[in-house]
Amino acid sequence: MKRNLIIALVVIVAVIFLMFSWVTENYNKIVTLKENIDAKWAQVENQLKRRNDLIPNLVNTVKGYAKHEKEIFTGIAEARSKLAGAGTISDKIKASNELGGFLSRLLMVVERYPDLKANQNFSQLMHELSGTENRISVERMRYNNVVRDYNMTIKRFPGRLFALIFGFTKATYFEIEEAEKKAPKVEF
């Protein structure tokens, strides 16, 4: 009788240990994925900040050549302010997309000023901005990849169970707005 009790206790302890290990492993996996999202978003923000810092120099260089393009310069300034004041990831994505739209329009304006394109300061700024846009694209892709992994994990079993119990919610993708998906029309 005593031997059966000991075996039963060992089995119960082993089952409890295995369940605890399983819960811990799955919970930690979701937490790690969530932290990866935050880390990748921080990289996106670093590149958005870099872009935001370059834009005033670019705008001032273009202003000298295109004084009558006031609407674009105003739009860029407002979009930069929105990006700087955005609190949530969704707001930051929306503001970034809006800023990107104005930058596309600015580049169309630049095409109308051949002397501006030959200006060394402008060329250097465009090179820096182009590099920054590429970095933003890469970081956005990396961010979206970890968001995908996280969202898939909390939608599948057993992650769905842990998401419900511990309050993990779906993360937001960095998506481009429909208006930005269209290629800008450049006319000479």
# chains A, B, ... in the order shown; residues from 1 in each chain; ligands from 1
$ residues_around --residues "stretch 156-160 of chain A" --least-positions-apart "2" --cutoff "10 Å" --atoms "only C-alpha atoms" --output "JSON, numbers by chain"
{"A": [22, 23, 26, 27, 29, 30, 150, 151, 152, 153, 154, 162, 163, 164, 165, 166, 168, 169]}
$ select_by_dssp --residues "chain A" --states "alpha helix (DSSP H)" --output "PDB file with C-alpha atoms, in the first residue's frame"
ATOM      1  CA  LYS A   2       2.768   2.376   0.990  1.00  0.00           C
ATOM      2  CA  ARG A   3       4.644   1.602  -2.232  1.00  0.00           C
ATOM      3  CA  ASN A   4       1.569   2.411  -4.367  1.00  0.00           C
ATOM      4  CA  LEU A   5       1.160   5.733  -2.549  1.00  0.00           C
ATOM      5  CA  ILE A   6       4.778   6.661  -3.221  1.00  0.00           C
ATOM      6  CA  ILE A   7       4.432   5.757  -6.911  1.00  0.00           C
ATOM      7  CA  ALA A   8       1.224   7.807  -7.155  1.00  0.00           C
ATOM      8  CA  LEU A   9       2.916  10.811  -5.516  1.00  0.00           C
ATOM      9  CA  VAL A  10       5.928  10.531  -7.847  1.00  0.00           C
ATOM     10  CA  VAL A  11       3.611  10.378 -10.867  1.00  0.00           C
ATOM     11  CA  ILE A  12       1.585  13.367  -9.637  1.00  0.00           C
ATOM     12  CA  VAL A  13       4.752  15.394  -8.964  1.00  0.00           C
ATOM     13  CA  ALA A  14       6.130  14.459 -12.405  1.00  0.00           C
ATOM     14  CA  VAL A  15       2.869  15.467 -14.122  1.00  0.00           C
ATOM     15  CA  ILE A  16       2.777  18.769 -12.204  1.00  0.00           C
ATOM     16  CA  PHE A  17       6.414  19.404 -13.080  1.00  0.00           C
ATOM     17  CA  LEU A  18       5.779  18.644 -16.773  1.00  0.00           C
ATOM     18  CA  MET A  19       2.706  20.901 -16.829  1.00  0.00           C
ATOM     19  CA  PHE A  20       4.613  23.698 -15.096  1.00  0.00           C
ATOM     20  CA  SER A  21       7.467  23.320 -17.591  1.00  0.00           C
ATOM     21  CA  TRP A  22       5.030  23.361 -20.514  1.00  0.00           C
ATOM     22  CA  VAL A  23       3.249  26.485 -19.217  1.00  0.00           C
ATOM     23  CA  THR A  24       6.537  28.244 -18.498  1.00  0.00           C
ATOM     24  CA  GLU A  25       7.985  27.403 -21.912  1.00  0.00           C
ATOM     25  CA  ASN A  26       4.923  28.608 -23.826  1.00  0.00           C
ATOM     26  CA  TYR A  27       4.451  31.750 -21.741  1.00  0.00           C
ATOM     27  CA  ASN A  28       8.132  32.669 -22.112  1.00  0.00           C
ATOM     28  CA  LYS A  29       7.932  32.097 -25.863  1.00  0.00           C
ATOM     29  CA  ILE A  30       5.086  34.600 -26.190  1.00  0.00           C
ATOM     30  CA  VAL A  31       6.860  37.117 -23.938  1.00  0.00           C
ATOM     31  CA  THR A  32      10.035  36.771 -26.035  1.00  0.00           C
ATOM     32  CA  LEU A  33       8.093  37.343 -29.253  1.00  0.00           C
ATOM     33  CA  LYS A  34       6.404  40.408 -27.736  1.00  0.00           C
ATOM     34  CA  GLU A  35       9.777  41.810 -26.673  1.00  0.00           C
ATOM     35  CA  ASN A  36      11.127  41.191 -30.187  1.00  0.00           C
ATOM     36  CA  ILE A  37       8.275  43.298 -31.532  1.00  0.00           C
ATOM     37  CA  ASP A  38       9.221  46.144 -29.188  1.00  0.00           C
ATOM     38  CA  ALA A  39      12.894  45.864 -30.144  1.00  0.00           C
ATOM     39  CA  LYS A  40      12.160  45.834 -33.879  1.00  0.00           C
ATOM     40  CA  TRP A  41       9.785  48.767 -33.498  1.00  0.00           C
ATOM     41  CA  ALA A  42      12.545  50.701 -31.723  1.00  0.00           C
ATOM     42  CA  GLN A  43      14.735  50.148 -34.795  1.00  0.00           C
ATOM     43  CA  VAL A  44      11.946  51.437 -37.046  1.00  0.00           C
ATOM     44  CA  GLU A  45      11.653  54.504 -34.821  1.00  0.00           C
ATOM     45  CA  ASN A  46      15.420  55.094 -35.008  1.00  0.00           C
ATOM     46  CA  GLN A  47      15.209  55.233 -38.790  1.00  0.00           C
ATOM     47  CA  LEU A  48      12.059  57.376 -38.732  1.00  0.00           C
ATOM     48  CA  LYS A  49      13.896  59.792 -36.428  1.00  0.00           C
ATOM     49  CA  ARG A  50      16.852  59.858 -38.818  1.00  0.00           C
ATOM     50  CA  ARG A  51      14.491  60.664 -41.681  1.00  0.00           C
ATOM     51  CA  ASN A  52      12.791  63.305 -39.566  1.00  0.00           C
ATOM     52  CA  ASP A  53      16.152  64.941 -38.835  1.00  0.00           C
ATOM     53  CA  LEU A  54      17.178  65.001 -42.516  1.00  0.00           C
ATOM     54  CA  ILE A  55      13.959  66.463 -43.846  1.00  0.00           C
ATOM     55  CA  PRO A  56      14.411  70.077 -42.636  1.00  0.00           C
ATOM     56  CA  ASN A  57      17.758  70.278 -44.434  1.00  0.00           C
ATOM     57  CA  LEU A  58      16.259  68.849 -47.596  1.00  0.00           C
ATOM     58  CA  VAL A  59      13.249  71.147 -47.427  1.00  0.00           C
ATOM     59  CA  ASN A  60      15.416  74.235 -46.894  1.00  0.00           C
ATOM     60  CA  THR A  61      17.593  73.304 -49.863  1.00  0.00           C
ATOM     61  CA  VAL A  62      14.570  72.802 -52.112  1.00  0.00           C
ATOM     62  CA  LYS A  63      12.820  75.946 -50.827  1.00  0.00           C
ATOM     63  CA  LYS A  70       4.374  76.160 -50.249  1.00  0.00           C
ATOM     64  CA  GLU A  71       1.638  73.518 -49.880  1.00  0.00           C
ATOM     65  CA  ILE A  72       4.147  70.666 -49.954  1.00  0.00           C
ATOM     66  CA  PHE A  73       6.461  72.331 -47.444  1.00  0.00           C
ATOM     67  CA  THR A  74       3.537  73.005 -45.113  1.00  0.00           C
ATOM     68  CA  GLY A  75       2.347  69.403 -45.484  1.00  0.00           C
ATOM     69  CA  ILE A  76       5.807  68.055 -44.665  1.00  0.00           C
ATOM     70  CA  ALA A  77       6.064  70.242 -41.574  1.00  0.00           C
ATOM     71  CA  GLU A  78       2.619  69.140 -40.362  1.00  0.00           C
ATOM     72  CA  ALA A  79       3.350  65.463 -41.041  1.00  0.00           C
ATOM     73  CA  ARG A  80       6.664  65.705 -39.154  1.00  0.00           C
ATOM     74  CA  SER A  81       4.816  67.252 -36.197  1.00  0.00           C
ATOM     75  CA  LYS A  82       2.235  64.463 -36.242  1.00  0.00           C
ATOM     76  CA  LEU A  83       4.987  61.851 -36.308  1.00  0.00           C
ATOM     77  CA  ALA A  84       6.821  63.504 -33.420  1.00  0.00           C
ATOM     78  CA  GLY A  85       3.595  63.729 -31.379  1.00  0.00           C
ATOM     79  CA  ILE A  89       2.365  52.499 -32.951  1.00  0.00           C
ATOM     80  CA  SER A  90      -0.739  52.839 -35.156  1.00  0.00           C
ATOM     81  CA  ASP A  91      -0.549  56.648 -34.964  1.00  0.00           C
ATOM     82  CA  LYS A  92       3.164  56.566 -35.762  1.00  0.00           C
ATOM     83  CA  ILE A  93       2.583  54.304 -38.757  1.00  0.00           C
ATOM     84  CA  LYS A  94      -0.159  56.601 -40.064  1.00  0.00           C
ATOM     85  CA  ALA A  95       1.996  59.719 -39.578  1.00  0.00           C
ATOM     86  CA  SER A  96       4.988  58.035 -41.218  1.00  0.00           C
ATOM     87  CA  ASN A  97       2.889  57.058 -44.216  1.00  0.00           C
ATOM     88  CA  GLU A  98       1.578  60.614 -44.503  1.00  0.00           C
ATOM     89  CA  LEU A  99       5.121  61.990 -44.367  1.00  0.00           C
ATOM     90  CA  GLY A 100       6.200  59.492 -47.021  1.00  0.00           C
ATOM     91  CA  GLY A 101       3.417  60.752 -49.289  1.00  0.00           C
ATOM     92  CA  PHE A 102       4.603  64.338 -48.963  1.00  0.00           C
ATOM     93  CA  LEU A 103       8.195  63.272 -49.601  1.00  0.00           C
ATOM     94  CA  SER A 104       7.069  61.608 -52.833  1.00  0.00           C
ATOM     95  CA  ARG A 105       5.383  64.848 -53.853  1.00  0.00           C
ATOM     96  CA  LEU A 106       8.539  66.771 -52.929  1.00  0.00           C
ATOM     97  CA  LEU A 107      10.591  64.524 -55.185  1.00  0.00           C
ATOM     98  CA  MET A 108       8.193  65.243 -58.048  1.00  0.00           C
ATOM     99  CA  VAL A 109       8.742  68.968 -57.472  1.00  0.00           C
ATOM    100  CA  VAL A 110      12.500  68.427 -57.566  1.00  0.00           C
ATOM    101  CA  GLU A 111      12.205  66.870 -61.030  1.00  0.00           C
ATOM    102  CA  PRO A 114      17.283  70.669 -63.052  1.00  0.00           C
ATOM    103  CA  ASP A 115      19.627  73.143 -61.342  1.00  0.00           C
ATOM    104  CA  LEU A 116      18.530  71.861 -57.968  1.00  0.00           C
ATOM    105  CA  LYS A 117      19.354  68.274 -58.910  1.00  0.00           C
ATOM    106  CA  ALA A 118      22.875  69.383 -59.813  1.00  0.00           C
ATOM    107  CA  GLN A 120      25.939  69.181 -54.346  1.00  0.00           C
ATOM    108  CA  ASN A 121      24.135  69.789 -51.040  1.00  0.00           C
ATOM    109  CA  PHE A 122      20.901  68.538 -52.522  1.00  0.00           C
ATOM    110  CA  SER A 123      22.594  65.470 -54.010  1.00  0.00           C
ATOM    111  CA  GLN A 124      24.162  64.599 -50.669  1.00  0.00           C
ATOM    112  CA  LEU A 125      20.872  65.071 -48.835  1.00  0.00           C
ATOM    113  CA  MET A 126      19.036  62.937 -51.385  1.00  0.00           C
ATOM    114  CA  HIS A 127      21.655  60.227 -51.017  1.00  0.00           C
ATOM    115  CA  GLU A 128      21.235  60.291 -47.224  1.00  0.00           C
ATOM    116  CA  LEU A 129      17.445  60.317 -47.493  1.00  0.00           C
ATOM    117  CA  SER A 130      17.490  57.467 -50.004  1.00  0.00           C
ATOM    118  CA  GLY A 131      19.676  55.426 -47.654  1.00  0.00           C
ATOM    119  CA  THR A 132      17.363  56.220 -44.768  1.00  0.00           C
ATOM    120  CA  GLU A 133      14.288  55.200 -46.749  1.00  0.00           C
ATOM    121  CA  ASN A 134      15.997  51.896 -47.543  1.00  0.00           C
ATOM    122  CA  ARG A 135      16.809  51.396 -43.861  1.00  0.00           C
ATOM    123  CA  ILE A 136      13.204  52.168 -42.926  1.00  0.00           C
ATOM    124  CA  SER A 137      12.045  49.609 -45.479  1.00  0.00           C
ATOM    125  CA  VAL A 138      14.367  46.929 -44.067  1.00  0.00           C
ATOM    126  CA  GLU A 139      13.427  47.680 -40.456  1.00  0.00           C
ATOM    127  CA  ARG A 140       9.727  47.761 -41.368  1.00  0.00           C
ATOM    128  CA  MET A 141      10.121  44.310 -42.962  1.00  0.00           C
ATOM    129  CA  ARG A 142      11.920  42.969 -39.872  1.00  0.00           C
ATOM    130  CA  TYR A 143       9.264  44.463 -37.610  1.00  0.00           C
ATOM    131  CA  ASN A 144       6.448  42.946 -39.681  1.00  0.00           C
ATOM    132  CA  ASN A 145       8.186  39.557 -39.591  1.00  0.00           C
ATOM    133  CA  VAL A 146       8.270  39.460 -35.796  1.00  0.00           C
ATOM    134  CA  VAL A 147       4.689  40.757 -35.650  1.00  0.00           C
ATOM    135  CA  ARG A 148       3.684  37.896 -37.952  1.00  0.00           C
ATOM    136  CA  ASP A 149       5.462  35.332 -35.761  1.00  0.00           C
ATOM    137  CA  TYR A 150       3.880  36.735 -32.605  1.00  0.00           C
ATOM    138  CA  ASN A 151       0.379  36.997 -34.095  1.00  0.00           C
ATOM    139  CA  MET A 152       0.575  33.431 -35.441  1.00  0.00           C
ATOM    140  CA  THR A 153       1.717  32.173 -32.044  1.00  0.00           C
ATOM    141  CA  ILE A 154      -1.158  33.775 -30.137  1.00  0.00           C
ATOM    142  CA  LYS A 155      -3.699  32.564 -32.709  1.00  0.00           C
ATOM    143  CA  GLY A 159      -0.614  30.181 -27.684  1.00  0.00           C
ATOM    144  CA  ARG A 160      -4.267  31.139 -28.035  1.00  0.00           C
ATOM    145  CA  LEU A 161      -4.916  29.716 -24.600  1.00  0.00           C
ATOM    146  CA  PHE A 162      -2.064  31.739 -23.099  1.00  0.00           C
ATOM    147  CA  ALA A 163      -3.134  34.885 -24.955  1.00  0.00           C
ATOM    148  CA  LEU A 164      -6.598  34.610 -23.444  1.00  0.00           C
ATOM    149  CA  ILE A 165      -5.358  33.835 -19.942  1.00  0.00           C
ATOM    150  CA  PHE A 166      -2.553  36.402 -19.798  1.00  0.00           C
ATOM    151  CA  GLU A 178      -3.521  52.599 -50.324  1.00  0.00           C
ATOM    152  CA  ALA A 179      -2.636  56.072 -51.636  1.00  0.00           C
ATOM    153  CA  GLU A 180       1.078  55.382 -51.177  1.00  0.00           C
ATOM    154  CA  LYS A 181       0.945  52.095 -53.054  1.00  0.00           C
TER     155      LYS A 181
END
